[in-house]
Amino acid sequence: MPTVISHNDADGIISIAALFMKYPEKKFSVYFATPNSLKLVLCKAISKARMGDELFIFDLSPNQETAKLASFFETTWIDHHIWEDVNFDKNVKAVNDTSYPSAASLAAKYLGVDGKIFELADEIDRNNVKSEEAYYLRDLIDGIRFIYGKAANVKLKAIASRITKGFENIKTLENDGIVEKFREFIKEVEEKVEKEVKFLEKDGIKIAFYVTNRLIPARVVLNKVKEMNILADIVAVFYYYVKNGKMMTKVEFRSANNYDVFEIAKRLGGGGHKYASGATVEGFLKIDDIWK
Ligand SMILES: [Mn+2]
C-alpha cells in the first residue's frame with residue numbers, strides 16, 4: 001500500500017487532499033508528523049511497509065537522517081520550507097520550491113490537480129486569512145489538533161478525504177461545534193496574551209515574547225501584538241513541556257516586520273520559512289539564551 005506522511009496542519013492536510021484527488025482509486029496509509037517527529041514517524045512507516053513501496057511526504061523539510069530513511073521507499077518529497085543541503089538517494093524525488101505560499105498548492109501543481117481548496121491553503125499558511133472558508137477551515141483543523149489529542153489523526157485524515165469534494169463537504173454541524181469551541185479557547189488565550197506579553201530590545205532588535213505551558217498557535221500572539229500596535233520586529237513564543245522525563249522547549253518565531261527569523265531557528269537546530277520558523281530543543285531555553 002502507498003504511504004503518505006504529511007504535516008499535521010491545514011497545509012499538510014490539503015496536500016494530502018491533492019494526492020487523494022490525483023489518485024482517487026488508491027488507498028493510502030496516512031501518517032501525520034511535525035518537523036520534530038518526522039524521524040520517528042518514518043521509522044514507524046518503515047516497520048509497516050515493504051521496501052520499495054511508494055511514499056509521499058508533504059510540508060516537512062528533510063535532514064540527512066530523514067532523507068536516508070525515506071530511501072526505504074520510492075519517495076516523492078514535496079515541500080515549500082527552506083531546505084538545508086541534503087543528499088538524496090536516486091529513489092527519492094525532491095520537489096522543493098520556497099516561492100509557493102503553501103506546500104498544498106505546490107503539490108497540486110506538481111500532481112496536476114486544482115481547486116479552490118488550494119487557495120484556502122495559501123491564505124492559511126501565509127497567515128493571511130481573508131475568506132470565511134479559510135477562517136473556518138483553519139479553526140476546524142486547529143480545533144481538532146488542540147482539542148482531540150491522540151484521536152486527532154483519524155479526524156484529520158477524514159477531513160483530507162472529504163475536502164477533495166470541496167469546502168461545503170466539511171461544513172457540518174459537528175464541525176461547527178469544534179470551530180465554536182476552539183474560538184472560545186482562542187479568545188481566552190488572546191486575553192492572557194494581551195496581559196502577559198513581554199518585550200525586550202537587544203542590539204536594536206525589538207522582540208515581543210510570550211511564555212506558555214499550554215500549546216497555542218503562534219499566530220495568535222503575532223496577531224495580538226499587531227492588533228495592540230506594538231512595534232516589534234520579532235514575535236517569539238516559548239512553550240515548555242515534559243517529554244520522556246525531559247524538559248523540552250518549543251520556540252516559535254514570527255516576523256512582525258519582514259525580519260528574517262529563519263536564521264535564528266536554524267541556529268537552534270530548527271527551521272521553517274524566512275518569516276515563520278521554529279525549533280524544539282531539549283532543556284529549558286529562555287529568551288536570554290537566544291539574545292544575550
Ligand atoms: Mn506549509
# chains A, B, ... in the order shown; residues from 1 in each chain; ligands from 1
$ residues_near_ligand --ligand "ligand 1" --cutoff "10 Å" --atoms "only C-alpha atoms and all ligand atoms" --output "count of residues only"
32
$ residues_around --residues "Lys246 (chain A)" --least-positions-apart "5" --cutoff "9 Å" --atoms "only C-alpha atoms" --output "PyMOL selection string"
chain A and resi 241+282-283
$ residues_around --residues "region 182-188 of chain A" --least-positions-apart "6" --cutoff "9 Å" --atoms "only C-alpha atoms" --output "PyMOL selection string"
chain A and resi 139-140+142-144+146-147+216-217+220
$ select_by_dssp --residues "region 54-136 of chain A" --states "strand (DSSP E)" --output "list of chain:residue names"
A:Glu54, A:Leu55, A:Phe56, A:Ile57, A:Phe58, A:Glu74, A:Thr75, A:Thr76, A:Trp77, A:Ile78, A:Asp79, A:Val92, A:Lys93, A:Ala94, A:Val95, A:Asn96
$ write_last_selection --atoms "N, CA and C atoms" --output "PDB file, in the first residue's frame"
ATOM      1  N   GLU A  54       5.569   2.890  -2.448  1.00  0.00           N
ATOM      2  CA  GLU A  54       5.505   4.308  -2.784  1.00  0.00           C
ATOM      3  C   GLU A  54       5.262   5.150  -1.530  1.00  0.00           C
ATOM      4  N   LEU A  55       5.967   6.275  -1.416  1.00  0.00           N
ATOM      5  CA  LEU A  55       5.773   7.197  -0.280  1.00  0.00           C
ATOM      6  C   LEU A  55       5.723   8.639  -0.791  1.00  0.00           C
ATOM      7  N   PHE A  56       4.779   9.406  -0.229  1.00  0.00           N
ATOM      8  CA  PHE A  56       4.737  10.859  -0.457  1.00  0.00           C
ATOM      9  C   PHE A  56       4.959  11.552   0.886  1.00  0.00           C
ATOM     10  N   ILE A  57       5.803  12.571   0.885  1.00  0.00           N
ATOM     11  CA  ILE A  57       5.991  13.398   2.087  1.00  0.00           C
ATOM     12  C   ILE A  57       5.654  14.834   1.707  1.00  0.00           C
ATOM     13  N   PHE A  58       4.832  15.478   2.549  1.00  0.00           N
ATOM     14  CA  PHE A  58       4.396  16.854   2.257  1.00  0.00           C
ATOM     15  C   PHE A  58       4.660  17.811   3.424  1.00  0.00           C
ATOM     16  N   GLU A  74      10.017   4.306  -2.542  1.00  0.00           N
ATOM     17  CA  GLU A  74      10.094   5.122  -3.752  1.00  0.00           C
ATOM     18  C   GLU A  74       9.381   6.417  -3.376  1.00  0.00           C
ATOM     19  N   THR A  75      10.143   7.447  -3.090  1.00  0.00           N
ATOM     20  CA  THR A  75       9.575   8.618  -2.428  1.00  0.00           C
ATOM     21  C   THR A  75       9.474   9.840  -3.333  1.00  0.00           C
ATOM     22  N   THR A  76       8.354  10.544  -3.190  1.00  0.00           N
ATOM     23  CA  THR A  76       8.217  11.884  -3.756  1.00  0.00           C
ATOM     24  C   THR A  76       8.064  12.837  -2.574  1.00  0.00           C
ATOM     25  N   TRP A  77       8.993  13.763  -2.447  1.00  0.00           N
ATOM     26  CA  TRP A  77       9.044  14.632  -1.268  1.00  0.00           C
ATOM     27  C   TRP A  77       8.762  16.063  -1.716  1.00  0.00           C
ATOM     28  N   ILE A  78       7.597  16.592  -1.347  1.00  0.00           N
ATOM     29  CA  ILE A  78       7.151  17.909  -1.831  1.00  0.00           C
ATOM     30  C   ILE A  78       7.026  18.887  -0.660  1.00  0.00           C
ATOM     31  N   ASP A  79       7.731  20.008  -0.758  1.00  0.00           N
ATOM     32  CA  ASP A  79       7.719  20.937   0.386  1.00  0.00           C
ATOM     33  C   ASP A  79       8.107  22.352  -0.050  1.00  0.00           C
ATOM     34  N   VAL A  92      14.549   8.863  -4.236  1.00  0.00           N
ATOM     35  CA  VAL A  92      13.798   9.948  -3.590  1.00  0.00           C
ATOM     36  C   VAL A  92      13.778  11.146  -4.540  1.00  0.00           C
ATOM     37  N   LYS A  93      12.563  11.491  -4.968  1.00  0.00           N
ATOM     38  CA  LYS A  93      12.410  12.632  -5.862  1.00  0.00           C
ATOM     39  C   LYS A  93      12.061  13.849  -5.002  1.00  0.00           C
ATOM     40  N   ALA A  94      12.930  14.858  -5.017  1.00  0.00           N
ATOM     41  CA  ALA A  94      12.739  16.019  -4.155  1.00  0.00           C
ATOM     42  C   ALA A  94      12.151  17.181  -4.943  1.00  0.00           C
ATOM     43  N   VAL A  95      11.023  17.699  -4.467  1.00  0.00           N
ATOM     44  CA  VAL A  95      10.364  18.836  -5.099  1.00  0.00           C
ATOM     45  C   VAL A  95      10.268  19.943  -4.047  1.00  0.00           C
ATOM     46  N   ASN A  96      11.189  20.882  -4.111  1.00  0.00           N
ATOM     47  CA  ASN A  96      11.250  21.945  -3.097  1.00  0.00           C
ATOM     48  C   ASN A  96      11.213  23.295  -3.788  1.00  0.00           C
TER      49      ASN A  96
END
$ residues_around --residues "Asp53 (chain A)" --least-positions-apart "3" --cutoff "10 Å" --atoms "only C-alpha atoms" --output "mmCIF file with N, CA and C atoms, in the first residue's frame"
data_model
loop_
_atom_site.group_PDB
_atom_site.id
_atom_site.type_symbol
_atom_site.label_atom_id
_atom_site.label_comp_id
_atom_site.auth_asym_id
_atom_site.auth_seq_id
_atom_site.Cartn_x
_atom_site.Cartn_y
_atom_site.Cartn_z
ATOM 1 N N MET A 1 0.849 -1.204 0.000
ATOM 2 C CA MET A 1 0.000 0.000 0.000
ATOM 3 C C MET A 1 0.884 1.253 0.000
ATOM 4 N N PRO A 2 0.551 2.262 -0.820
ATOM 5 C CA PRO A 2 1.339 3.502 -0.772
ATOM 6 C C PRO A 2 1.122 4.228 0.557
ATOM 7 N N THR A 3 2.129 5.003 0.946
ATOM 8 C CA THR A 3 2.111 5.692 2.236
ATOM 9 C C THR A 3 2.217 7.193 2.002
ATOM 10 N N ILE A 46 8.222 2.615 8.028
ATOM 11 C CA ILE A 46 9.100 1.557 7.506
ATOM 12 C C ILE A 46 8.715 0.206 8.112
ATOM 13 N N ALA A 49 5.716 -1.253 6.193
ATOM 14 C CA ALA A 49 5.684 -1.239 4.717
ATOM 15 C C ALA A 49 6.677 -2.246 4.137
ATOM 16 N N ARG A 50 6.654 -2.355 2.829
ATOM 17 C CA ARG A 50 7.658 -3.159 2.131
ATOM 18 C C ARG A 50 8.635 -2.230 1.456
ATOM 19 N N PHE A 72 14.072 4.135 1.885
ATOM 20 C CA PHE A 72 13.480 2.786 2.013
ATOM 21 C C PHE A 72 12.352 2.636 0.984
ATOM 22 N N PHE A 73 11.739 3.751 0.669
ATOM 23 C CA PHE A 73 10.578 3.799 -0.230
ATOM 24 C C PHE A 73 10.976 4.365 -1.593
ATOM 25 N N GLU A 74 10.017 4.306 -2.542
ATOM 26 C CA GLU A 74 10.094 5.122 -3.752
ATOM 27 C C GLU A 74 9.381 6.417 -3.376
ATOM 28 N N THR A 75 10.143 7.447 -3.090
ATOM 29 C CA THR A 75 9.575 8.618 -2.428
ATOM 30 C C THR A 75 9.474 9.840 -3.333
#
$ residues_around --residues "Lys68 (chain A)" --least-positions-apart "5" --cutoff "10 Å" --atoms "only C-alpha atoms" --output "JSON, numbers by chain"
{"A": [62, 63, 73, 86, 87, 88, 89, 92]}
$ write_last_selection --atoms "C-alpha atoms" --output "mmCIF file, in the first residue's frame"
data_model
loop_
_atom_site.group_PDB
_atom_site.id
_atom_site.type_symbol
_atom_site.label_atom_id
_atom_site.label_comp_id
_atom_site.auth_asym_id
_atom_site.auth_seq_id
_atom_site.Cartn_x
_atom_site.Cartn_y
_atom_site.Cartn_z
ATOM 1 C CA PRO A 62 14.342 16.876 5.385
ATOM 2 C CA ASN A 63 17.630 16.393 7.167
ATOM 3 C CA PHE A 73 10.578 3.799 -0.230
ATOM 4 C CA VAL A 86 20.823 17.128 1.864
ATOM 5 C CA ASN A 87 21.920 14.244 -0.334
ATOM 6 C CA PHE A 88 19.044 12.101 -1.568
ATOM 7 C CA ASP A 89 19.325 8.598 -2.966
ATOM 8 C CA VAL A 92 13.798 9.948 -3.590
#
$ select_by_dssp --residues "region 110-186 of chain A" --states "alpha helix (DSSP H)" --output "VMD selection string"
chain A and resid 110 to 111 116 to 125 132 to 148 152 to 162 173 to 186
$ closest_residue --among "A:Asp288, A:Asp260, A:Glu132, A:Glu180" --to "Tyr275 (chain A)" --atoms "only C-alpha atoms"
A:Asp260
$ atom_distance --atom1 "CA of Tyr259 (chain A)" --atom2 "CA of Val281 (chain A)"
22.3 Å
$ residues_around --residues "Leu69 (chain A)" --least-positions-apart "4" --cutoff "8 Å" --atoms "only C-alpha atoms" --output "PyMOL selection string"
chain A and resi 39+42-43+65
$ closest_residue --among "A:Ala108, A:Asn229, A:Ala134, A:Ile117" --to "Arg162 (chain A)" --atoms "only C-alpha atoms"
A:Ile117
$ residues_around --residues "Asn258 (chain A)" --least-positions-apart "6" --cutoff "12 Å" --atoms "only C-alpha atoms" --output "list of chain:residue names"
A:Ala232, A:Asp233, A:Ile234, A:Val235, A:His273, A:Lys274, A:Tyr275, A:Ala276
